>>> print(open('entry00.cif').read())   # mmCIF, C-alpha atoms and all ligand atoms
data_protein
#
loop_
_atom_site.label_atom_id
_atom_site.label_comp_id
_atom_site.auth_asym_id
_atom_site.auth_seq_id
_atom_site.Cartn_x
_atom_site.Cartn_y
_atom_site.Cartn_z
CA MET A 1 14.41 -19.74 -59.00
CA ALA A 2 15.61 -17.57 -56.17
CA ILE A 3 13.88 -14.22 -55.86
CA ASP A 4 17.24 -12.47 -56.13
CA CYS A 5 17.78 -13.77 -59.65
CA MET A 6 14.27 -12.85 -60.74
CA ILE A 7 14.38 -9.24 -59.69
CA LYS A 8 17.00 -7.22 -61.44
CA THR A 9 17.51 -4.11 -59.37
CA PRO A 10 18.27 -1.09 -61.54
CA SER A 11 20.99 0.92 -59.93
CA PHE A 12 18.73 3.96 -59.67
CA VAL A 13 16.29 2.50 -57.15
CA SER A 14 17.21 2.87 -53.53
CA ASN A 15 14.72 2.57 -50.74
CA SER A 16 15.66 5.05 -48.08
CA LEU A 17 12.49 4.87 -46.08
CA LYS A 18 12.09 1.91 -43.81
CA GLU A 19 10.26 3.79 -41.07
CA GLU A 20 8.79 7.26 -40.68
CA GLU A 21 11.97 9.27 -40.99
CA HIS A 22 11.51 12.97 -40.44
CA THR A 23 11.19 15.40 -37.60
CA GLU A 24 8.03 17.01 -36.27
CA ASP A 25 9.26 20.43 -37.52
CA GLN A 26 9.69 19.24 -41.10
CA ARG A 27 6.27 17.66 -41.02
CA LYS A 28 4.64 20.90 -39.93
CA SER A 29 6.51 23.20 -42.30
CA LEU A 30 5.98 21.57 -45.69
CA VAL A 31 2.52 21.72 -47.19
CA PHE A 32 1.74 20.69 -50.76
CA ASP A 33 -0.82 23.30 -51.75
CA ALA A 34 -1.19 22.65 -55.47
CA SER A 35 -2.86 26.02 -56.14
CA VAL A 36 0.33 27.74 -54.95
CA LEU A 37 3.07 25.26 -55.89
CA GLN A 38 2.08 24.91 -59.53
CA HIS A 39 3.21 28.54 -60.05
CA GLU A 40 6.53 28.19 -58.20
CA ALA A 41 9.66 28.44 -60.34
CA ASN A 42 11.77 27.02 -57.49
CA ILE A 43 10.22 23.85 -56.24
CA PRO A 44 10.95 22.78 -52.63
CA GLN A 45 13.97 20.47 -52.43
CA GLN A 46 11.88 17.61 -50.98
CA PHE A 47 10.32 17.25 -54.46
CA ILE A 48 13.64 17.16 -56.30
CA TRP A 49 14.56 13.56 -57.11
CA PRO A 50 18.18 12.37 -57.25
CA ASP A 51 19.77 12.68 -60.72
CA HIS A 52 19.69 8.93 -61.42
CA GLU A 53 15.92 8.81 -60.76
CA LYS A 54 14.92 12.03 -62.55
CA PRO A 55 12.74 11.69 -65.65
CA ASN A 56 14.58 11.33 -68.95
CA SER A 57 15.49 14.59 -70.65
CA GLN A 58 14.02 13.33 -73.95
CA LYS A 59 10.53 11.93 -74.22
CA SER A 60 10.47 8.21 -73.39
CA LYS A 61 9.84 5.83 -76.31
CA GLU A 62 6.37 4.41 -76.43
CA LEU A 63 5.88 0.82 -75.23
CA GLU A 64 3.67 -1.29 -77.47
CA VAL A 65 1.44 -3.17 -75.07
CA PRO A 66 -1.14 -5.65 -76.36
CA LEU A 67 -4.61 -4.23 -76.83
CA ILE A 68 -6.95 -6.95 -75.65
CA ASP A 69 -10.47 -6.89 -77.02
CA LEU A 70 -12.70 -8.29 -74.28
CA GLY A 71 -15.90 -8.08 -76.36
CA GLY A 72 -15.98 -11.72 -77.46
CA PHE A 73 -14.85 -13.11 -74.11
CA LEU A 74 -17.46 -11.09 -72.17
CA SER A 75 -20.24 -12.31 -74.42
CA GLY A 76 -19.16 -15.93 -73.93
CA HIS A 77 -17.28 -16.82 -77.14
CA SER A 78 -14.75 -19.48 -76.24
CA CYS A 79 -12.38 -18.78 -79.17
CA SER A 80 -12.12 -15.14 -78.19
CA ALA A 81 -11.50 -16.14 -74.58
CA GLU A 82 -8.61 -18.37 -75.60
CA GLU A 83 -7.11 -15.72 -77.83
CA ALA A 84 -7.43 -13.05 -75.12
CA SER A 85 -5.99 -15.29 -72.41
CA SER A 86 -3.00 -16.23 -74.55
CA LEU A 87 -2.18 -12.54 -75.23
CA VAL A 88 -2.63 -11.72 -71.55
CA GLY A 89 -0.35 -14.60 -70.56
CA LYS A 90 2.45 -13.45 -72.86
CA ALA A 91 2.23 -9.84 -71.63
CA CYS A 92 2.20 -10.92 -67.98
CA GLN A 93 5.32 -13.05 -68.40
CA LYS A 94 7.16 -10.20 -70.09
CA HIS A 95 6.20 -7.15 -68.01
CA GLY A 96 2.71 -7.53 -66.56
CA PHE A 97 1.09 -4.64 -68.49
CA PHE A 98 -1.71 -4.78 -71.07
CA LEU A 99 -4.64 -2.67 -72.30
CA VAL A 100 -8.27 -3.76 -72.47
CA VAL A 101 -10.94 -2.39 -74.81
CA ASN A 102 -14.60 -3.36 -75.29
CA HIS A 103 -14.52 -3.93 -71.57
CA GLY A 104 -18.22 -3.30 -71.02
CA VAL A 105 -17.78 -0.22 -68.81
CA ASP A 106 -20.05 2.61 -69.84
CA GLU A 107 -18.18 5.48 -71.53
CA SER A 108 -20.24 8.11 -69.73
CA LEU A 109 -19.43 6.53 -66.35
CA ILE A 110 -15.71 6.77 -67.14
CA SER A 111 -15.98 10.38 -68.26
CA ASP A 112 -18.04 11.28 -65.17
CA ALA A 113 -15.44 9.60 -62.95
CA GLN A 114 -12.71 11.64 -64.65
CA ARG A 115 -14.69 14.92 -64.56
CA TYR A 116 -15.87 14.61 -60.97
CA MET A 117 -12.28 14.48 -59.77
CA ASP A 118 -12.07 18.22 -60.47
CA LEU A 119 -14.92 18.90 -58.06
CA PHE A 120 -12.79 17.50 -55.27
CA PHE A 121 -9.24 18.51 -56.24
CA GLU A 122 -10.17 22.08 -57.20
CA LEU A 123 -11.46 22.74 -53.67
CA PRO A 124 -9.30 24.89 -51.37
CA LEU A 125 -6.73 22.81 -49.48
CA SER A 126 -8.50 23.30 -46.14
CA GLU A 127 -11.68 21.72 -47.52
CA LYS A 128 -9.87 18.75 -49.05
CA GLN A 129 -8.24 18.26 -45.68
CA ARG A 130 -11.62 17.25 -44.25
CA ALA A 131 -10.77 13.86 -45.75
CA GLN A 132 -7.12 14.00 -44.57
CA ARG A 133 -5.39 10.60 -44.56
CA LYS A 134 -4.19 9.74 -41.05
CA ALA A 135 -0.75 8.35 -40.21
CA GLY A 136 -0.53 4.60 -40.85
CA GLU A 137 -3.76 4.55 -42.87
CA SER A 138 -4.02 3.83 -46.57
CA CYS A 139 -7.18 5.84 -47.24
CA GLY A 140 -8.08 9.52 -47.28
CA TYR A 141 -6.68 12.66 -48.89
CA ALA A 142 -2.91 13.00 -49.22
CA SER A 143 -1.42 16.21 -50.58
CA SER A 144 1.77 14.66 -51.81
CA PHE A 145 3.02 12.54 -48.88
CA THR A 146 4.45 15.40 -46.83
CA GLY A 147 3.20 13.87 -43.59
CA ARG A 148 4.86 10.53 -44.31
CA PHE A 149 8.11 11.03 -46.17
CA SER A 150 10.72 13.76 -46.15
CA SER A 151 12.43 13.25 -49.48
CA LYS A 152 11.63 12.15 -53.04
CA LEU A 153 8.09 13.44 -52.62
CA PRO A 154 5.63 12.81 -55.45
CA TRP A 155 4.18 15.84 -57.27
CA LYS A 156 0.58 14.80 -56.76
CA GLU A 157 -2.49 14.75 -54.59
CA THR A 158 -4.53 11.63 -54.05
CA LEU A 159 -7.86 10.64 -52.61
CA SER A 160 -8.08 6.96 -51.72
CA PHE A 161 -11.04 5.06 -50.37
CA ARG A 162 -12.04 1.50 -49.67
CA PHE A 163 -14.28 -0.67 -51.79
CA SER A 164 -15.76 -3.95 -50.62
CA SER A 165 -17.63 -6.48 -52.72
CA GLU A 166 -19.51 -7.85 -49.72
CA GLU A 167 -23.28 -7.62 -49.89
CA ASN A 168 -23.64 -5.54 -46.76
CA SER A 169 -21.10 -3.01 -48.10
CA SER A 170 -22.95 -1.95 -51.22
CA ASP A 171 -22.91 1.72 -50.12
CA ILE A 172 -19.37 1.82 -48.75
CA VAL A 173 -18.09 4.41 -51.24
CA LYS A 174 -21.23 6.55 -51.14
CA ASP A 175 -21.10 6.59 -47.34
CA TYR A 176 -17.42 7.47 -47.35
CA PHE A 177 -18.05 10.67 -49.35
CA LYS A 178 -21.10 11.63 -47.33
CA ASN A 179 -19.45 11.02 -43.96
CA THR A 180 -16.06 12.61 -44.65
CA MET A 181 -17.00 15.46 -46.98
CA GLY A 182 -20.65 16.20 -46.14
CA PRO A 183 -24.05 15.85 -47.87
CA GLU A 184 -23.08 17.97 -50.90
CA PHE A 185 -20.69 15.18 -51.93
CA VAL A 186 -23.38 12.51 -52.23
CA ARG A 187 -23.35 12.90 -56.03
CA LEU A 188 -19.61 12.22 -56.17
CA GLY A 189 -20.08 9.26 -53.87
CA LYS A 190 -22.68 7.79 -56.23
CA VAL A 191 -20.42 8.12 -59.28
CA TYR A 192 -17.44 6.48 -57.58
CA GLN A 193 -19.61 3.74 -56.05
CA GLU A 194 -20.87 2.90 -59.52
CA TYR A 195 -17.36 3.13 -60.97
CA CYS A 196 -15.96 0.76 -58.31
CA ASN A 197 -18.81 -1.70 -58.90
CA ALA A 198 -17.87 -1.71 -62.59
CA MET A 199 -14.16 -2.15 -61.77
CA ASN A 200 -15.01 -5.02 -59.43
CA LYS A 201 -16.92 -6.80 -62.20
CA LEU A 202 -14.21 -6.16 -64.79
CA SER A 203 -11.44 -7.33 -62.48
CA LEU A 204 -13.23 -10.65 -61.87
CA GLY A 205 -13.47 -11.17 -65.65
CA ILE A 206 -9.74 -10.48 -65.97
CA MET A 207 -9.08 -12.92 -63.12
CA GLU A 208 -10.86 -15.59 -65.15
CA LEU A 209 -8.56 -14.86 -68.12
CA LEU A 210 -5.52 -14.98 -65.84
CA GLY A 211 -6.66 -18.35 -64.45
CA MET A 212 -7.06 -19.72 -68.00
CA SER A 213 -3.71 -18.38 -69.11
CA LEU A 214 -1.91 -19.93 -66.14
CA GLY A 215 -3.55 -23.30 -66.75
CA VAL A 216 -5.19 -23.49 -63.33
CA GLU A 217 -8.87 -24.14 -62.86
CA ARG A 218 -10.57 -21.35 -64.83
CA ALA A 219 -12.60 -20.06 -61.88
CA HIS A 220 -9.78 -20.32 -59.33
CA PHE A 221 -8.66 -16.67 -59.13
CA LYS A 222 -12.10 -15.30 -59.91
CA GLU A 223 -13.45 -17.13 -56.87
CA PHE A 224 -10.46 -16.10 -54.78
CA PHE A 225 -11.26 -12.41 -55.43
CA GLU A 226 -15.04 -12.64 -55.45
CA GLU A 227 -14.95 -11.29 -51.91
CA ASN A 228 -12.43 -8.49 -51.98
CA ASN A 229 -11.41 -5.46 -49.92
CA SER A 230 -10.06 -3.23 -52.63
CA ILE A 231 -8.76 0.32 -52.80
CA MET A 232 -9.83 3.05 -55.22
CA ARG A 233 -7.44 5.94 -55.72
CA LEU A 234 -7.92 9.23 -57.56
CA ASN A 235 -4.54 10.63 -58.64
CA TYR A 236 -4.33 14.34 -59.45
CA TYR A 237 -1.04 15.67 -60.81
CA PRO A 238 -0.89 19.49 -60.94
CA PRO A 239 1.36 21.10 -63.53
CA CYS A 240 4.90 21.76 -62.36
CA ARG A 241 7.25 24.48 -63.63
CA LYS A 242 10.22 22.12 -63.18
CA PRO A 243 8.85 18.80 -64.46
CA ASP A 244 12.34 17.47 -65.20
CA LEU A 245 13.34 17.60 -61.54
CA THR A 246 10.48 15.68 -60.02
CA LEU A 247 8.12 12.73 -60.47
CA GLY A 248 4.35 12.48 -60.11
CA THR A 249 4.62 8.95 -58.74
CA GLY A 250 8.04 7.50 -58.03
CA PRO A 251 9.23 4.13 -59.40
CA HIS A 252 7.34 1.32 -57.69
CA CYS A 253 5.58 -1.98 -58.20
CA ASP A 254 2.02 -2.02 -56.91
CA PRO A 255 1.90 -4.17 -53.77
CA THR A 256 -1.76 -4.91 -54.54
CA SER A 257 -3.03 -7.76 -56.81
CA LEU A 258 -4.32 -6.21 -60.02
CA THR A 259 -4.50 -2.54 -60.99
CA ILE A 260 -7.04 -1.20 -63.46
CA LEU A 261 -6.03 2.32 -64.42
CA HIS A 262 -7.75 4.91 -66.54
CA GLN A 263 -5.46 7.76 -67.53
CA ASP A 264 -6.78 10.94 -69.13
CA ASN A 265 -5.47 12.26 -72.45
CA VAL A 266 -2.44 14.06 -71.01
CA GLY A 267 -0.09 11.07 -70.68
CA GLY A 268 2.61 10.42 -68.10
CA LEU A 269 2.56 6.71 -67.20
CA GLU A 270 5.89 4.96 -67.82
CA VAL A 271 7.01 1.35 -67.40
CA PHE A 272 10.55 0.06 -66.93
CA VAL A 273 11.10 -2.63 -69.56
CA ASP A 274 14.39 -4.04 -70.88
CA ASN A 275 16.33 -1.58 -68.78
CA GLU A 276 14.64 1.58 -70.04
CA TRP A 277 11.65 3.76 -69.26
CA ARG A 278 8.90 3.45 -71.86
CA SER A 279 5.69 5.47 -72.00
CA ILE A 280 2.17 4.10 -72.26
CA ALA A 281 0.22 6.32 -74.62
CA PRO A 282 -3.17 7.51 -73.36
CA ASN A 283 -6.23 5.87 -74.88
CA SER A 284 -9.51 7.03 -73.39
CA ARG A 285 -11.37 3.91 -74.60
CA ALA A 286 -8.92 1.59 -72.85
CA PHE A 287 -7.99 0.61 -69.33
CA VAL A 288 -4.35 -0.06 -68.51
CA VAL A 289 -4.16 -3.26 -66.49
CA ASN A 290 -1.14 -4.39 -64.52
CA ILE A 291 -0.15 -7.24 -62.27
CA GLY A 292 0.72 -6.28 -58.69
CA ASP A 293 3.04 -7.97 -56.18
CA THR A 294 0.25 -9.97 -54.53
CA PHE A 295 -0.72 -11.57 -57.83
CA MET A 296 2.93 -12.19 -58.64
CA ALA A 297 3.02 -14.20 -55.38
CA LEU A 298 -0.25 -15.98 -56.27
CA SER A 299 1.22 -16.98 -59.63
CA ASN A 300 4.35 -18.28 -57.88
CA GLY A 301 6.42 -15.67 -59.70
CA ARG A 302 5.26 -16.59 -63.22
CA TYR A 303 3.62 -13.24 -63.83
CA LYS A 304 5.55 -10.03 -63.30
CA SER A 305 4.71 -7.07 -61.18
CA CYS A 306 6.63 -4.44 -63.07
CA LEU A 307 8.27 -1.19 -62.07
CA HIS A 308 6.34 1.90 -63.20
CA ARG A 309 6.14 5.63 -62.47
CA ALA A 310 4.30 8.76 -63.58
CA VAL A 311 5.96 11.91 -64.89
CA VAL A 312 4.44 15.42 -64.77
CA ASN A 313 4.44 18.33 -67.22
CA ASN A 314 4.49 22.13 -67.08
CA LYS A 315 1.19 22.77 -68.85
CA THR A 316 -1.76 20.63 -67.92
CA PRO A 317 -3.01 18.91 -64.78
CA ARG A 318 -3.14 15.14 -65.28
CA LYS A 319 -5.66 12.76 -63.76
CA SER A 320 -5.78 9.00 -63.35
CA LEU A 321 -8.25 6.64 -61.73
CA ALA A 322 -6.70 3.54 -60.16
CA PHE A 323 -8.66 0.57 -58.86
CA PHE A 324 -6.44 -1.76 -56.86
CA LEU A 325 -7.96 -5.20 -56.50
CA CYS A 326 -6.96 -6.72 -53.15
CA PRO A 327 -7.96 -9.99 -51.49
CA LYS A 328 -10.30 -9.98 -48.54
CA LYS A 329 -8.17 -9.00 -45.58
CA ASP A 330 -7.72 -12.34 -43.80
CA LYS A 331 -7.57 -14.60 -46.87
CA VAL A 332 -4.32 -16.53 -47.17
CA VAL A 333 -2.30 -15.64 -50.26
CA ARG A 334 -0.80 -18.93 -51.48
CA SER A 335 -0.27 -19.97 -55.05
CA PRO A 336 -2.31 -23.03 -56.15
CA GLU A 337 -0.62 -26.46 -56.26
CA GLU A 338 -0.78 -26.53 -60.10
CA LEU A 339 1.84 -23.78 -60.19
CA VAL A 340 4.26 -25.51 -57.84
CA ASP A 341 6.47 -28.45 -58.80
CA GLU A 342 10.05 -29.65 -58.64
CA ASN A 343 11.20 -27.09 -61.20
CA ASN A 344 9.08 -24.34 -59.74
CA PRO A 345 9.31 -24.55 -55.96
CA ARG A 346 7.16 -22.24 -53.89
CA ILE A 347 8.99 -18.87 -53.76
CA TYR A 348 6.91 -16.83 -51.37
CA PRO A 349 5.72 -17.49 -47.84
CA ASP A 350 1.96 -17.58 -47.18
CA PHE A 351 0.68 -14.19 -46.08
CA THR A 352 -2.46 -12.10 -45.76
CA TRP A 353 -3.10 -8.86 -47.61
CA SER A 354 -3.71 -7.03 -44.31
CA THR A 355 -0.15 -7.86 -43.15
CA PHE A 356 1.31 -6.81 -46.50
CA LEU A 357 -0.66 -3.55 -46.54
CA GLU A 358 0.46 -2.75 -43.00
CA PHE A 359 4.06 -3.41 -44.06
CA THR A 360 3.78 -0.81 -46.86
CA GLN A 361 2.12 1.74 -44.62
CA LYS A 362 4.24 1.39 -41.50
CA HIS A 363 7.59 -0.17 -42.29
CA TYR A 364 8.50 0.25 -45.94
CA ARG A 365 7.96 2.75 -48.75
CA ALA A 366 6.67 0.78 -51.72
CA ASP A 367 9.35 0.46 -54.42
CA MET A 368 10.38 -2.31 -56.78
CA ASN A 369 11.61 -4.59 -54.01
CA THR A 370 8.59 -4.46 -51.73
CA LEU A 371 7.57 -8.09 -52.21
CA GLN A 372 11.08 -9.37 -51.66
CA ALA A 373 11.58 -7.22 -48.55
CA PHE A 374 8.20 -8.29 -47.23
CA SER A 375 8.90 -12.01 -47.84
CA THR A 376 12.16 -11.74 -45.91
CA TRP A 377 10.40 -9.89 -43.10
CA VAL A 378 7.64 -12.54 -42.87
CA GLN A 379 10.19 -15.36 -42.88
CA GLN A 380 12.25 -13.68 -40.15
CA LYS A 381 9.14 -13.11 -38.04
CA THR A 382 8.05 -16.73 -38.48
CA SER A 383 11.45 -18.10 -37.54
CA THR A 384 11.61 -16.08 -34.33
CA THR A 385 8.11 -17.00 -33.08
C1 LIG A 401 -0.92 -0.22 -51.47
C2 LIG A 401 -0.40 0.86 -52.02
C3 LIG A 401 0.81 1.60 -51.51
C4 LIG A 401 0.91 2.75 -52.48
C5 LIG A 401 -0.50 2.95 -52.92
C6 LIG A 401 -0.97 1.58 -53.21
O1 LIG A 401 -2.37 1.48 -53.24
C7 LIG A 401 -0.34 1.15 -54.54
C8 LIG A 401 0.94 1.97 -54.89
C9 LIG A 401 1.78 2.37 -53.69
C10 LIG A 401 2.65 3.62 -53.93
C11 LIG A 401 3.99 3.33 -54.56
C12 LIG A 401 4.76 4.64 -54.75
C13 LIG A 401 4.80 5.46 -53.52
O2 LIG A 401 5.73 4.88 -52.61
C14 LIG A 401 3.38 5.54 -52.89
C15 LIG A 401 3.40 6.50 -51.72
C16 LIG A 401 2.43 5.87 -54.00
O3 LIG A 401 2.11 6.92 -54.36
O4 LIG A 401 1.99 4.69 -54.60
C17 LIG A 401 2.87 4.17 -52.56
C18 LIG A 401 1.48 4.07 -51.94
C19 LIG A 401 1.45 4.16 -50.47
O5 LIG A 401 2.37 3.68 -49.78
O6 LIG A 401 0.45 4.64 -49.97
O1 LIG A 402 -1.08 7.85 -62.56
C1 LIG A 402 -0.56 6.90 -63.10
O2 LIG A 402 -0.50 6.78 -64.32
C2 LIG A 402 0.07 5.80 -62.27
C3 LIG A 402 -0.36 5.78 -60.84
C4 LIG A 402 0.17 4.61 -60.08
O3 LIG A 402 1.06 3.93 -60.51
C5 LIG A 402 -0.43 4.26 -58.78
O4 LIG A 402 -1.31 5.02 -58.29
O5 LIG A 402 -0.03 3.22 -58.22
FE FE A 403 1.19 2.01 -59.41
#
>>> encode(input="entry00.cif", output="structure tokens", more="lines below")
Ligand SMILES: C=C1C[C@]23C[C@@]1(O)CC[C@H]2[C@@]12CC[C@H](O)[C@@](C)(C(=O)O1)[C@H]2[C@@H]3C(=O)O
Ligand SMILES: O=C(O)CCC(=O)C(=O)O
Ligand SMILES: [Fe+2]
Amino acid sequence: MAIDCMIKTPSFVSNSLKEEEHTEDQRKSLVFDASVLQHEANIPQQFIWPDHEKPNSQKSKELEVPLIDLGGFLSGHSCSAEEASSLVGKACQKHGFFLVVNHGVDESLISDAQRYMDLFFELPLSEKQRAQRKAGESCGYASSFTGRFSSKLPWKETLSFRFSSEENSSDIVKDYFKNTMGPEFVRLGKVYQEYCNAMNKLSLGIMELLGMSLGVERAHFKEFFEENNSIMRLNYYPPCRKPDLTLGTGPHCDPTSLTILHQDNVGGLEVFVDNEWRSIAPNSRAFVVNIGDTFMALSNGRYKSCLHRAVVNNKTPRKSLAFFLCPKKDKVVRSPEELVDENNPRIYPDFTWSTFLEFTQKHYRADMNTLQAFSTWVQQKTSTT
């Protein structure tokens, strides 16, 4: 099937940013200082989204996503594994979103990871800027994306850092906090190191289920991601006095492979299914899992990387923890032979995650068409070299 037929582009999504598009003056003048902006009745126009992309005026209807109990699978019961993988397979063909419970991640670790976000995001802007994300880089502190984009800015702050499963990187997160923020952040570093280790383990379990559900060798994807260079992102959405004009995170598909998200009790995550925005209700015991573009390519288009966004509200700050599983940088992303045949020809070119990541950071603002735009770009580059 051609990619064009598979991806139905809703009329509201338009990708204006192909390259860095604004002037030096604009970059200097706009600062997203949450402590000030959350009280503003008139929000800066860069945060006002076009009418066709604004959040719905009524509350979005809830999307019923399957709640997958991983308890039996994680303790080695084969019946439970089959049941879980079949539910996962159905959800991934439809929209790529599902919830997992009894996932084996300690409740107190999750609540610490949620609580410790405040210690960072409640700091004065100038202190958070010690971790400032640099142009072209995917990690660091970003207060909205004022340094990168000039319109349709998200109403959020993020802190992103790298995780690596390699043995010699077991302190990568801890060291990041110590080196960018100073010795008083060692405690935070420890919590997020532990949290990422848990996410790494959980994501490999989910990869096993995905392998089973796709009918490839059970360990195939688990082994593929055993060595990974992933990204952890803390999303902090301050309240906004005009929540109907803006978005916390604009509509996009994650370019990464698998996202494991923990949202707090406020709510705000929405998924675009059957032509409408549907909300995913918060559940503190569950992780929201979704397929990203890179896994859609690995599954030869069988599993969907689905459009989603986050809305904000005028009362409470909202927090989410997102672990983005990504392949080791130089590993070739190519779907296994079992998923390719006469009826299902290979749809995507081979690529590496480092090229795809660079594409999203330097040439294209991630939206719902990122994978398609990237595939075309890779094919054009290959044909001219
Ligand atoms: C690889 C990535 C690019 C992205 C952050 C992420 O880790 C996964 C989501 C991507 C996205 C999509 C919406 C916005 O365009 C964006 C700025 C965001 O907030 O999440 C991008 C991120 C990015 O380009 O840094
Ligand atoms: O905060 C959320 O619920 C969604 C965040 C998200 O989609 C992302 O960080 O890619
Ligand atoms: Fe996302």
>>> residues_near_ligand(input="entry00.cif", ligand="ligand FE 403 (chain A)", cutoff="7 Å", atoms="all atoms listed in the file", output="PyMOL selection string")
chain A and resi 252-254+308-309
>>> atom_distance(input="entry00.cif", atom1="CA of Ser108 (chain A)", atom2="CA of Tyr195 (chain A)")
10.5 Å
>>> residues_near_point(input="entry00.cif", point="(-17.1, -3.0, -53.2)", cutoff="8 Å", atoms="all atoms listed in the file", output="PDB file with C-alpha atoms, keeping the file's coordinate frame")
ATOM      1  CA  ARG A 162     -12.040   1.500 -49.670  1.00  0.00           C
ATOM      2  CA  PHE A 163     -14.280  -0.670 -51.790  1.00  0.00           C
ATOM      3  CA  SER A 164     -15.760  -3.950 -50.620  1.00  0.00           C
ATOM      4  CA  SER A 165     -17.630  -6.480 -52.720  1.00  0.00           C
ATOM      5  CA  GLU A 166     -19.510  -7.850 -49.720  1.00  0.00           C
ATOM      6  CA  SER A 169     -21.100  -3.010 -48.100  1.00  0.00           C
ATOM      7  CA  SER A 170     -22.950  -1.950 -51.220  1.00  0.00           C
ATOM      8  CA  ILE A 172     -19.370   1.820 -48.750  1.00  0.00           C
ATOM      9  CA  VAL A 173     -18.090   4.410 -51.240  1.00  0.00           C
ATOM     10  CA  GLN A 193     -19.610   3.740 -56.050  1.00  0.00           C
ATOM     11  CA  CYS A 196     -15.960   0.760 -58.310  1.00  0.00           C
ATOM     12  CA  ASN A 197     -18.810  -1.700 -58.900  1.00  0.00           C
ATOM     13  CA  ASN A 200     -15.010  -5.020 -59.430  1.00  0.00           C
ATOM     14  CA  ASN A 228     -12.430  -8.490 -51.980  1.00  0.00           C
ATOM     15  CA  ASN A 229     -11.410  -5.460 -49.920  1.00  0.00           C
ATOM     16  CA  SER A 230     -10.060  -3.230 -52.630  1.00  0.00           C
TER      17      SER A 230
END
>>> residues_near_ligand(input="entry00.cif", ligand="ligand LIG 401 (chain A)", cutoff="9 Å", atoms="all atoms listed in the file", output="VMD selection string")
chain A and resid 137 to 139 144 to 145 148 to 149 153 to 154 156 158 160 231 to 233 235 248 to 256 259 292 309 322 to 324 356 to 358 360 to 362 364 to 368
>>> atom_distance(input="entry00.cif", atom1="CA of Leu202 (chain A)", atom2="CA of Phe225 (chain A)")
11.6 Å
>>> axis_aligned_box(input="entry00.cif", around="ligand LIG 402 (chain A)", padding_each_side="4 Å", output="AutoDock Vina command-line options")
--center_x -0.1 --center_y 5.5 --center_z -61.3 --size_x 10.4 --size_y 12.6 --size_z 14.1
>>> residues_around(input="entry00.cif", residues="region 183-189 of chain A", least_positions_apart="4", cutoff="12 Å", atoms="all atoms listed in the file", output="JSON, numbers by chain")
{"A": [109, 112, 113, 114, 115, 116, 117, 118, 119, 120, 127, 128, 131, 161, 162, 163, 170, 171, 172, 173, 174, 175, 176, 177, 178, 179, 193, 194, 195, 196]}
>>> closest_residue(input="entry00.cif", among="A:Phe73, A:Tyr348, A:Tyr236, A:Phe97", to="ligand LIG 402 (chain A)", atoms="all atoms listed in the file")
A:Tyr236
>>> closest_residue(input="entry00.cif", among="A:Lys319, A:Arg346, A:Arg218, A:Lys134", to="ligand LIG 402 (chain A)", atoms="only C-alpha atoms and all ligand atoms")
A:Lys319
>>> closest_residue(input="entry00.cif", among="A:Leu371, A:Cys79, A:Ile68, A:Leu234", to="Phe359 (chain A)", atoms="all atoms listed in the file")
A:Leu371
>>> atom_distance(input="entry00.cif", atom1="CA of Lys328 (chain A)", atom2="CA of Glu208 (chain A)")
17.5 Å
>>> residues_around(input="entry00.cif", residues="Ser75 (chain A)", least_positions_apart="5", cutoff="12 Å", atoms="only C-alpha atoms", output="ChimeraX atom specification")
/A:69-70,80-81,102-104,205
>>> write_last_selection(input="entry00.cif", atoms="C-alpha atoms", output="short mmCIF file (atom, residue, chain, number, x, y, z; two decimals), in the coordinates of the input")
data_model
loop_
_atom_site.label_atom_id
_atom_site.label_comp_id
_atom_site.auth_asym_id
_atom_site.auth_seq_id
_atom_site.Cartn_x
_atom_site.Cartn_y
_atom_site.Cartn_z
CA ASP A 69 -10.47 -6.89 -77.02
CA LEU A 70 -12.70 -8.29 -74.28
CA SER A 80 -12.12 -15.14 -78.19
CA ALA A 81 -11.50 -16.14 -74.58
CA ASN A 102 -14.60 -3.36 -75.29
CA HIS A 103 -14.52 -3.93 -71.57
CA GLY A 104 -18.22 -3.30 -71.02
CA GLY A 205 -13.47 -11.17 -65.65
#
>>> residues_around(input="entry00.cif", residues="Thr146 (chain A)", least_positions_apart="3", cutoff="8 Å", atoms="all atoms listed in the file", output="PDB file with C-alpha atoms, in the frame of the given file")
ATOM      1  CA  ARG A  27       6.270  17.660 -41.020  1.00  0.00           C
ATOM      2  CA  LEU A  30       5.980  21.570 -45.690  1.00  0.00           C
ATOM      3  CA  VAL A  31       2.520  21.720 -47.190  1.00  0.00           C
ATOM      4  CA  PHE A  32       1.740  20.690 -50.760  1.00  0.00           C
ATOM      5  CA  SER A 143      -1.420  16.210 -50.580  1.00  0.00           C
ATOM      6  CA  PHE A 149       8.110  11.030 -46.170  1.00  0.00           C
ATOM      7  CA  SER A 150      10.720  13.760 -46.150  1.00  0.00           C
ATOM      8  CA  LEU A 153       8.090  13.440 -52.620  1.00  0.00           C
TER       9      LEU A 153
END
>>> residues_around(input="entry00.cif", residues="Arg334 (chain A)", least_positions_apart="2", cutoff="10 Å", atoms="all atoms listed in the file", output="PyMOL selection string")
chain A and resi 294-295+297-300+331-332+336-337+346+348-352
>>> closest_residue(input="entry00.cif", among="A:Ala281, A:Ala373, A:Ala84, A:Val340", to="ligand LIG 402 (chain A)", atoms="all atoms listed in the file")
A:Ala281
>>> residues_near_point(input="entry00.cif", point="(10.0, 5.3, -71.4)", cutoff="10 Å", atoms="only C-alpha atoms", output="list in words")
Pro55, Asn56, Gln58, Lys59, Ser60, Lys61, Glu62, Leu63, Gly268, Leu269, Glu270, Val271, Phe272, Val273, Asn275, Glu276, Trp277, Arg278, Ser279, Ile280, His308 and Arg309 of chain A
